[in-house]
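Colleague: Pasting in a structure now, in C-alpha coordinates, and then I'll have a few things to ask.
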Amino acid sequence: MVREYTIKYSIIPTVCATIHNQKIRVFYQRLLANHKPKKLALTASIRKILLIAHAIYRDKTEYVAA
(Lines give C-alpha, C1' and ligand atoms only; values in the text may rest on other atoms or scores of the structure.)
Protein backbone atom coordinates (compact mmCIF):
# COMPACT_ATOMS: atom_id res chain seq x y z
CA MET A 1 0.00 0.00 0.00
CA VAL A 2 2.75 2.47 0.90
CA ARG A 3 4.69 1.62 -2.24
CA GLU A 4 1.65 2.19 -4.47
CA TYR A 5 0.96 5.51 -2.75
CA THR A 6 4.58 6.61 -3.06
CA ILE A 7 4.79 5.83 -6.76
CA LYS A 8 1.31 7.18 -7.54
CA TYR A 9 1.95 10.58 -5.99
CA SER A 10 5.60 10.88 -7.04
CA ILE A 11 5.21 10.65 -10.80
CA ILE A 12 4.21 14.26 -11.56
CA PRO A 13 6.85 15.84 -9.28
CA THR A 14 9.47 13.56 -10.82
CA VAL A 15 8.48 14.53 -14.35
CA CYS A 16 8.80 18.15 -13.24
CA ALA A 17 12.23 17.39 -11.72
CA THR A 18 13.43 15.77 -14.94
CA ILE A 19 12.72 19.09 -16.65
CA HIS A 20 13.90 21.59 -14.04
CA ASN A 21 16.47 19.85 -11.80
CA GLN A 22 19.91 19.51 -13.43
CA LYS A 23 21.03 16.41 -11.48
CA ILE A 24 17.82 14.48 -12.05
CA ARG A 25 17.66 15.56 -15.71
CA VAL A 26 21.21 14.30 -16.40
CA PHE A 27 20.44 11.03 -14.61
CA TYR A 28 17.16 10.55 -16.53
CA GLN A 29 18.71 11.43 -19.90
CA ARG A 30 21.63 9.05 -19.27
CA LEU A 31 19.21 6.18 -18.65
CA LEU A 32 17.30 7.00 -21.83
CA ALA A 33 20.56 7.21 -23.78
CA ASN A 34 21.38 3.70 -22.55
CA HIS A 35 18.11 2.47 -24.14
CA LYS A 36 16.22 2.00 -20.90
CA PRO A 37 12.41 2.21 -21.09
CA LYS A 38 10.94 5.57 -20.06
CA LYS A 39 8.94 4.00 -17.23
CA LEU A 40 12.10 2.44 -15.78
CA ALA A 41 13.99 5.73 -16.07
CA LEU A 42 11.15 7.55 -14.35
CA THR A 43 10.99 4.99 -11.54
CA ALA A 44 14.76 5.21 -11.06
CA SER A 45 14.45 8.99 -10.90
CA ILE A 46 11.71 8.67 -8.25
CA ARG A 47 14.03 6.48 -6.22
CA LYS A 48 16.91 8.94 -6.61
CA ILE A 49 14.72 11.83 -5.42
CA LEU A 50 13.57 9.81 -2.42
CA LEU A 51 17.17 8.94 -1.54
CA ILE A 52 18.17 12.61 -1.75
CA ALA A 53 15.18 13.61 0.41
CA HIS A 54 16.06 10.95 2.98
CA ALA A 55 19.69 12.09 3.11
CA ILE A 56 18.57 15.70 3.64
CA TYR A 57 16.26 14.60 6.46
CA ARG A 58 18.85 12.30 8.04
CA ASP A 59 21.66 14.86 7.99
CA LYS A 60 19.42 17.86 8.80
CA THR A 61 20.87 19.86 5.92
CA GLU A 62 19.47 21.98 3.11
CA TYR A 63 19.41 20.88 -0.50
CA VAL A 64 22.12 22.56 -2.54
CA ALA A 65 21.76 22.19 -6.29
CA ALA A 66 25.40 22.11 -7.36
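Chain identifiers are assigned as A, B, and so on, following the order in which chains appear in the C-alpha coordinates; residues are numbered from 1 within each chain, and ligands are numbered from 1 in order of appearance.
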Can you tell me which residues surround Arg25 in chain A at a distance of at most 12 Å, considering only C-alpha atoms, apart from same-chain residues fewer than 3 positions away, and format the answer as a short mmCIF file (atom, residue, chain, number, x, y, z; two decimals) with N, CA and C atoms, in the first residue's frame?
Modeller:
data_model
loop_
_atom_site.label_atom_id
_atom_site.label_comp_id
_atom_site.auth_asym_id
_atom_site.auth_seq_id
_atom_site.Cartn_x
_atom_site.Cartn_y
_atom_site.Cartn_z
N THR A 14 8.26 14.08 -10.20
CA THR A 14 9.47 13.56 -10.82
C THR A 14 9.57 14.01 -12.27
N VAL A 15 8.47 14.02 -12.98
CA VAL A 15 8.48 14.53 -14.35
C VAL A 15 8.92 15.99 -14.34
N CYS A 16 8.41 16.75 -13.39
CA CYS A 16 8.80 18.15 -13.24
C CYS A 16 10.31 18.25 -12.93
N ALA A 17 10.80 17.37 -12.08
CA ALA A 17 12.23 17.39 -11.72
C ALA A 17 13.11 17.03 -12.91
N THR A 18 12.63 16.13 -13.77
CA THR A 18 13.43 15.77 -14.94
C THR A 18 13.54 16.93 -15.92
N ILE A 19 12.66 17.91 -15.79
CA ILE A 19 12.72 19.09 -16.65
C ILE A 19 13.54 20.20 -16.00
N HIS A 20 13.35 20.41 -14.70
CA HIS A 20 13.90 21.59 -14.04
C HIS A 20 15.13 21.35 -13.16
N ASN A 21 15.35 20.14 -12.69
CA ASN A 21 16.47 19.85 -11.80
C ASN A 21 17.62 19.25 -12.62
N GLN A 22 18.77 19.92 -12.59
CA GLN A 22 19.91 19.51 -13.43
C GLN A 22 20.37 18.09 -13.12
N TYR A 28 18.25 11.05 -15.70
CA TYR A 28 17.16 10.55 -16.53
C TYR A 28 17.60 10.43 -17.99
N GLN A 29 18.26 11.45 -18.51
CA GLN A 29 18.71 11.43 -19.90
C GLN A 29 19.76 10.35 -20.13
N ARG A 30 20.63 10.10 -19.14
CA ARG A 30 21.63 9.05 -19.27
C ARG A 30 20.97 7.67 -19.37
N LEU A 31 19.93 7.46 -18.57
CA LEU A 31 19.21 6.18 -18.65
C LEU A 31 18.54 6.01 -20.01
N LEU A 32 17.94 7.08 -20.50
CA LEU A 32 17.30 7.00 -21.83
C LEU A 32 18.33 6.78 -22.93
N ALA A 33 19.50 7.39 -22.79
CA ALA A 33 20.56 7.21 -23.78
C ALA A 33 21.08 5.78 -23.79
N ALA A 41 13.21 4.52 -16.36
CA ALA A 41 13.99 5.73 -16.07
C ALA A 41 13.25 6.63 -15.11
N LEU A 42 11.95 6.73 -15.25
CA LEU A 42 11.15 7.55 -14.35
C LEU A 42 11.13 6.96 -12.94
N ALA A 44 13.42 5.02 -11.62
CA ALA A 44 14.76 5.21 -11.06
C ALA A 44 14.94 6.65 -10.58
N SER A 45 14.36 7.59 -11.30
CA SER A 45 14.45 8.99 -10.90
C SER A 45 13.65 9.24 -9.61
N ILE A 46 12.50 8.59 -9.49
CA ILE A 46 11.71 8.67 -8.25
C ILE A 46 12.55 8.18 -7.09
N LYS A 48 15.80 8.01 -6.86
CA LYS A 48 16.91 8.94 -6.61
C LYS A 48 16.43 10.15 -5.81
N ILE A 49 15.27 10.70 -6.16
CA ILE A 49 14.72 11.83 -5.42
C ILE A 49 14.43 11.45 -3.98
#
Colleague: In range 5-45 of chain A, what's alpha helix (DSSP H) per DSSP? Answer as a PyMOL selection string?
Modeller: chain A and resi 5-8+11-20+22-33+38-45
Colleague: Determine, counting only C-alpha atoms, which protein, DNA and RNA residues have an atom within 12 Å of an atom of Leu50 in chain A; residues of the same chain fewer than 2 positions away are not included. Present the result as a list in words.
Modeller: Thr6, Ile7, Ser10, Ile11, Pro13, Thr14, Ile24, Thr43, Ala44, Ser45, Ile46, Arg47, Lys48, Ile52, Ala53, His54, Ala55, Ile56, Tyr57 and Arg58 of chain A
